[in-house]
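Trainee: First, the structure itself, so that you have it in front of you.
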Amino acid sequence: MKNKKTLIITAAILLILLIGYRASSKTSSETSSALSYDEIEYTAVKDSISVSVKGSGSVYPSDRRTVKSETDGVVEKIYVSEGDSIENNQVLISLKSKSDSNNQIQTKELSLNIEKARKNLNQLYDKNSDLTIYADSSGVVSGLKIKAGDQISINYSVCIIKDTENAYVEAYFSKEQYEKIKIGDEASVFLTRYFVTESGVVHDIDSTPIPLGGGIFGYRITVKITNPGGYSQDEPAQVTVTNSEGSLINMNNGKISEMKGNNVSTSRSGKVKSVNVKNGMQVTKGDIIAVLEEEDTELQITEQINLIEKYQTQFNDLQEGDTVYSPMRGTVLSIAVSEEDVVGRTSVLMTVADLDMMEVVLAVDELDITKIRLGRKANVTSDVFKDESFTGSVSKISMEGKNQNGVTTYDVTVLLDERKALMSGMNVDIEILADSRSDAIVVPVDAIRKSNGNYMVTVRDESGNASDIEVKLGIANKNFAEVISGINEGDIIVYGKIQNKSSSMFNGGMMSIRGGR
């Protein structure tokens with residue numbers, strides 16, 4: 001009985017092994033019959049080829065900022081809504097400080113301090129203005145003797161400014177004529193030597209009678225005329241004054257007097273800090289002649305300026321803490337608070353961004369990162385806008401990689417040329433053009449093999465003979481490679497490929513040469 005049972009078990013095991021063997025043999029046979037080794041002929045042609053790096057990422061504004069509170073308080077009013085366009089320094093939110101009463105007191109005190117400091121500063125400026133010596137008329141500087149470092153006293157004569165633009169003619173009139181003449185009356189001056197007449201005005205009158213000889217007395221009248229530069233002192237002249245009393249002619253010929261000059265003197269004593277002119281120099285009324293110095297005043301002015309700046313900064317801090325301004329021109333992305341919310345210092349109030357400048361950050365494999373350069377163009381596509389095309393360029397390449405699970409990637413930033421309807425956070429696919437060639441000889445990558453460190457292809461001649469040819473390659477993508485040398489356009493390249501009979505040539509992994517490279 002035991003032997004019979006053993007025979008039955010043994011027979012069952014043999015049956016199972018036989019069935020498994022037949023099934024295995026059938027599968028192997030079917031697999032072998034489904035695959036075939038095909039020889040492929042390819043004619044080398046000239047075409048364009050490109051290498052690109054692809055990746056995916058999300059679109060975000062390149063300039064995105066978080067607006068925070070600068071004080072503890074309550075949100076009093078929000079002036080914008082999500083999606084609103086905003087300008088730089090636009091008011092976004094007003095806050096009511098928890099210590100408003102204390103702030104008001106501090107603000108009033110600072111305002112008073114600023115006003116007092118400015119008053120003191122103005123007084124110091126007034127005092128210091130006496131240290132600056134100005135030209136009180138236009139002309140030529142003469143008689144200047146001071147230099148930097150000199151100590152001068154009050155009412156010291158610094159220089160004389162001679163009026164070179166005008167000439168002054170002195171003539172004598174009778175008492176009866178003199179009494180009819182006033183300063184500012186029109187006058188004409190006939191210069192006998194030059195036989196020309198110049199227009200002028202009465203500049204000065206002198207009530208002192210001057211004996212002219214023969215018991216005759218005259219009264220001096222000075223007329224100012226424009227001097228074009230050719231009239232000299234003591235030139236003879238005849239003067240006629242015209243007013244409502246008629247035309248009054250001088251008793252005898254007058255003459256051009258000595259050039260008039262204005263004396264420039266100091267209103268206070270001090271040490272000469274700088275001299276801004278020199279003798280013979282033409283100056284205009286109001287020009288600085290020299291500057292004196294008084295160390296105490298200069299120091300006090302500096303102290304008051306610093307004090308005003310200190311008070312103003314404190315005042316601005318109190319004022320600005322209650323009003324939140326936009327840090328940029330852009331769009332409000334989100335608002336994190338509501339009116340009447342209590343916020344603390346550095347609390348996030350809202351997020352704003354410039355949606356006109358959008359970017360995508362891609363993680364590029366270390367094998368591809370060397371193919372990318374700044375400024376390279378990129379094509380951008382979005383599943384949301386399938387019929388829309390976008391473009392951009394590489395604006396930043398990270399110099400430090402990130403390693404995760406043994407794979408190192410580098411961040412590459414692509415700046416979009418125009419976002420169109422893309423919104424922040426949308427996913428896009430990016431293709432960065434790394435390199436391209438036009439009019440290049442290209443062959444399938446499958447036709448190239450490596451032997452002893454060299455790249456080889458098999459070429460068949462017109463007689464049908466095949467020979468291995470060494471080639472030099474240029475750029476390559478996953479389907480095709482550029483051949484720089486070794487073969488010519490029109491050469492027949494042959495290579496073998498394992499083909500799945502159940503699939504077409506294109507489904508089996510081959511790519512049409514005209515299908516894009």
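Letters A, B, ... mark the chains of the structure tokens in the order given; residue numbers begin at 1 per chain; ligand numbers begin at 1, in order shown.
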Excluding segment 53-66 of chain A and any residue of its chain fewer than 5 positions from it, enumerate the residues within 6 Å of it, using only C-alpha atoms, and give them as a VMD selection string.
Mentor: chain A and resid 351 to 355 357 to 360 362 424 to 432
Trainee: Just to be explicit: take each residue in the selection above, keep N, CA and C atoms, and write the result as a CSV table (one decimal), in the first residue's frame.
Mentor:
chain,number,residue,atom,x,y,z
A,351,THR,N,0.5,89.8,0.1
A,351,THR,CA,1.6,89.5,-0.8
A,351,THR,C,1.3,90.2,-2.2
A,352,VAL,N,2.4,90.9,-2.7
A,352,VAL,CA,2.3,91.6,-3.9
A,352,VAL,C,3.4,91.1,-4.9
A,353,ALA,N,3.2,91.2,-6.2
A,353,ALA,CA,4.1,90.7,-7.1
A,353,ALA,C,4.0,91.5,-8.4
A,354,ASP,N,5.1,91.4,-9.2
A,354,ASP,CA,5.1,92.0,-10.6
A,354,ASP,C,4.8,90.9,-11.6
A,355,LEU,N,3.5,90.8,-12.0
A,355,LEU,CA,3.1,89.7,-12.9
A,355,LEU,C,3.6,89.9,-14.3
A,357,MET,N,6.7,90.1,-15.0
A,357,MET,CA,8.0,89.4,-15.0
A,357,MET,C,7.8,88.1,-14.3
A,358,MET,N,7.5,87.0,-15.2
A,358,MET,CA,7.3,85.7,-14.7
A,358,MET,C,8.4,84.8,-15.0
A,359,GLU,N,8.7,83.8,-14.1
A,359,GLU,CA,9.8,82.9,-14.4
A,359,GLU,C,9.5,81.5,-13.9
A,360,VAL,N,10.2,80.5,-14.5
A,360,VAL,CA,10.1,79.1,-14.1
A,360,VAL,C,11.5,78.6,-13.7
A,362,LEU,N,13.7,75.3,-13.2
A,362,LEU,CA,13.8,73.9,-13.6
A,362,LEU,C,15.0,73.2,-12.9
A,424,SER,N,0.1,82.9,-11.8
A,424,SER,CA,1.1,82.4,-10.8
A,424,SER,C,0.7,81.0,-10.3
A,425,GLY,N,1.7,80.1,-10.3
A,425,GLY,CA,1.5,78.7,-9.8
A,425,GLY,C,1.1,77.7,-10.9
A,426,MET,N,0.8,78.2,-12.1
A,426,MET,CA,0.4,77.2,-13.2
A,426,MET,C,1.7,76.4,-13.6
A,427,ASN,N,1.4,75.1,-14.0
A,427,ASN,CA,2.5,74.2,-14.4
A,427,ASN,C,2.7,74.4,-15.9
A,428,VAL,N,4.0,74.4,-16.3
A,428,VAL,CA,4.3,74.5,-17.8
A,428,VAL,C,5.5,73.5,-18.1
A,429,ASP,N,5.6,73.2,-19.3
A,429,ASP,CA,6.7,72.4,-19.8
A,429,ASP,C,7.7,73.3,-20.6
A,430,ILE,N,9.0,73.1,-20.3
A,430,ILE,CA,10.0,74.0,-20.9
A,430,ILE,C,10.9,73.2,-21.8
A,431,GLU,N,11.3,73.7,-23.0
A,431,GLU,CA,12.3,73.1,-23.8
A,431,GLU,C,13.3,74.2,-24.1
A,432,ILE,N,14.5,74.0,-23.6
A,432,ILE,CA,15.6,75.0,-23.8
A,432,ILE,C,16.5,74.5,-24.9
Trainee: Tell me, as a VMD selection string, which residues lie within 7 Å of segment 437-451 of chain A, counting only C-alpha atoms; anything in the same chain fewer than 4 positions away does not count.
Mentor: chain A and resid 44 to 50 455 to 457 479 to 483 489 495
Trainee: Set out as CSV a contact list for segment 262-380 of chain A and segment 140-164 of chain A with a cut-off of 7 Å, giving each residue of segment 262-380 of chain A that qualifies its closest atom pair and distance in Å to one decimal, counting only C-alpha atoms, ordered by chain and rising residue number.
Mentor:
residue,atom,partner,partner_atom,distance
A:Asn262,CA,A:Ile161,CA,5.2
A:Asn263,CA,A:Ile160,CA,4.5
A:Val264,CA,A:Cys159,CA,5.4
A:Ser265,CA,A:Ser157,CA,4.3
A:Thr266,CA,A:Asn155,CA,4.7
A:Ser267,CA,A:Ile154,CA,5.4
A:Arg268,CA,A:Ile154,CA,4.2
A:Ser269,CA,A:Ser153,CA,4.2
A:Gly270,CA,A:Ile152,CA,5.7
A:Lys271,CA,A:Gln151,CA,4.4
A:Val272,CA,A:Ala148,CA,4.9
A:Lys273,CA,A:Ala148,CA,5.4
A:Ser274,CA,A:Ala148,CA,5.1
A:Val275,CA,A:Lys147,CA,6.2
A:Lys278,CA,A:Val141,CA,6.8
A:Asn279,CA,A:Ser142,CA,4.9
A:Gly280,CA,A:Val141,CA,5.2
A:Met281,CA,A:Val141,CA,5.5
A:Gln282,CA,A:Val140,CA,4.5
A:Val283,CA,A:Val140,CA,6.2
Trainee: Run DSSP on the backbone and tell me which residues of segment 180-308 of chain A come out as alpha helix (DSSP H); list them as a list in words.
Mentor: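 The alpha helix (DSSP H) subset of segment 180-308 of chain A is Glu295, Asp296, Thr297, Glu298, Leu299, Gln300, Ile301, Thr302, Glu303, Gln304, Ile305, Asn306, Leu307 and Ile308 of chain A.
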Trainee: Since we have the selection now, will you write its residues out, keeping C-alpha atoms, as a PDB file, in the first residue's frame?
Mentor:
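The file below, result_4.pdb, is the result:
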ATOM      1  CA  GLU A 295      34.865 127.310  14.254  1.00  0.00           C
ATOM      2  CA  ASP A 296      32.237 127.548  16.977  1.00  0.00           C
ATOM      3  CA  THR A 297      29.502 128.564  14.527  1.00  0.00           C
ATOM      4  CA  GLU A 298      30.364 125.840  12.022  1.00  0.00           C
ATOM      5  CA  LEU A 299      30.300 123.210  14.761  1.00  0.00           C
ATOM      6  CA  GLN A 300      26.944 124.440  16.064  1.00  0.00           C
ATOM      7  CA  ILE A 301      25.452 124.345  12.560  1.00  0.00           C
ATOM      8  CA  THR A 302      26.572 120.716  12.096  1.00  0.00           C
ATOM      9  CA  GLU A 303      25.124 119.763  15.480  1.00  0.00           C
ATOM     10  CA  GLN A 304      21.761 121.349  14.673  1.00  0.00           C
ATOM     11  CA  ILE A 305      21.573 119.618  11.272  1.00  0.00           C
ATOM     12  CA  ASN A 306      22.254 116.231  12.886  1.00  0.00           C
ATOM     13  CA  LEU A 307      19.673 116.955  15.577  1.00  0.00           C
ATOM     14  CA  ILE A 308      16.993 117.803  12.999  1.00  0.00           C
TER      15      ILE A 308
END
Trainee: Go ahead and compute the interatomic distance for atom CA of Leu95 of chain A and atom CA of Glu109 of chain A, in Å to one decimal.
Mentor: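 So the two atoms, atom CA of Leu95 of chain A and atom CA of Glu109 of chain A, lie 21.5 Å apart.
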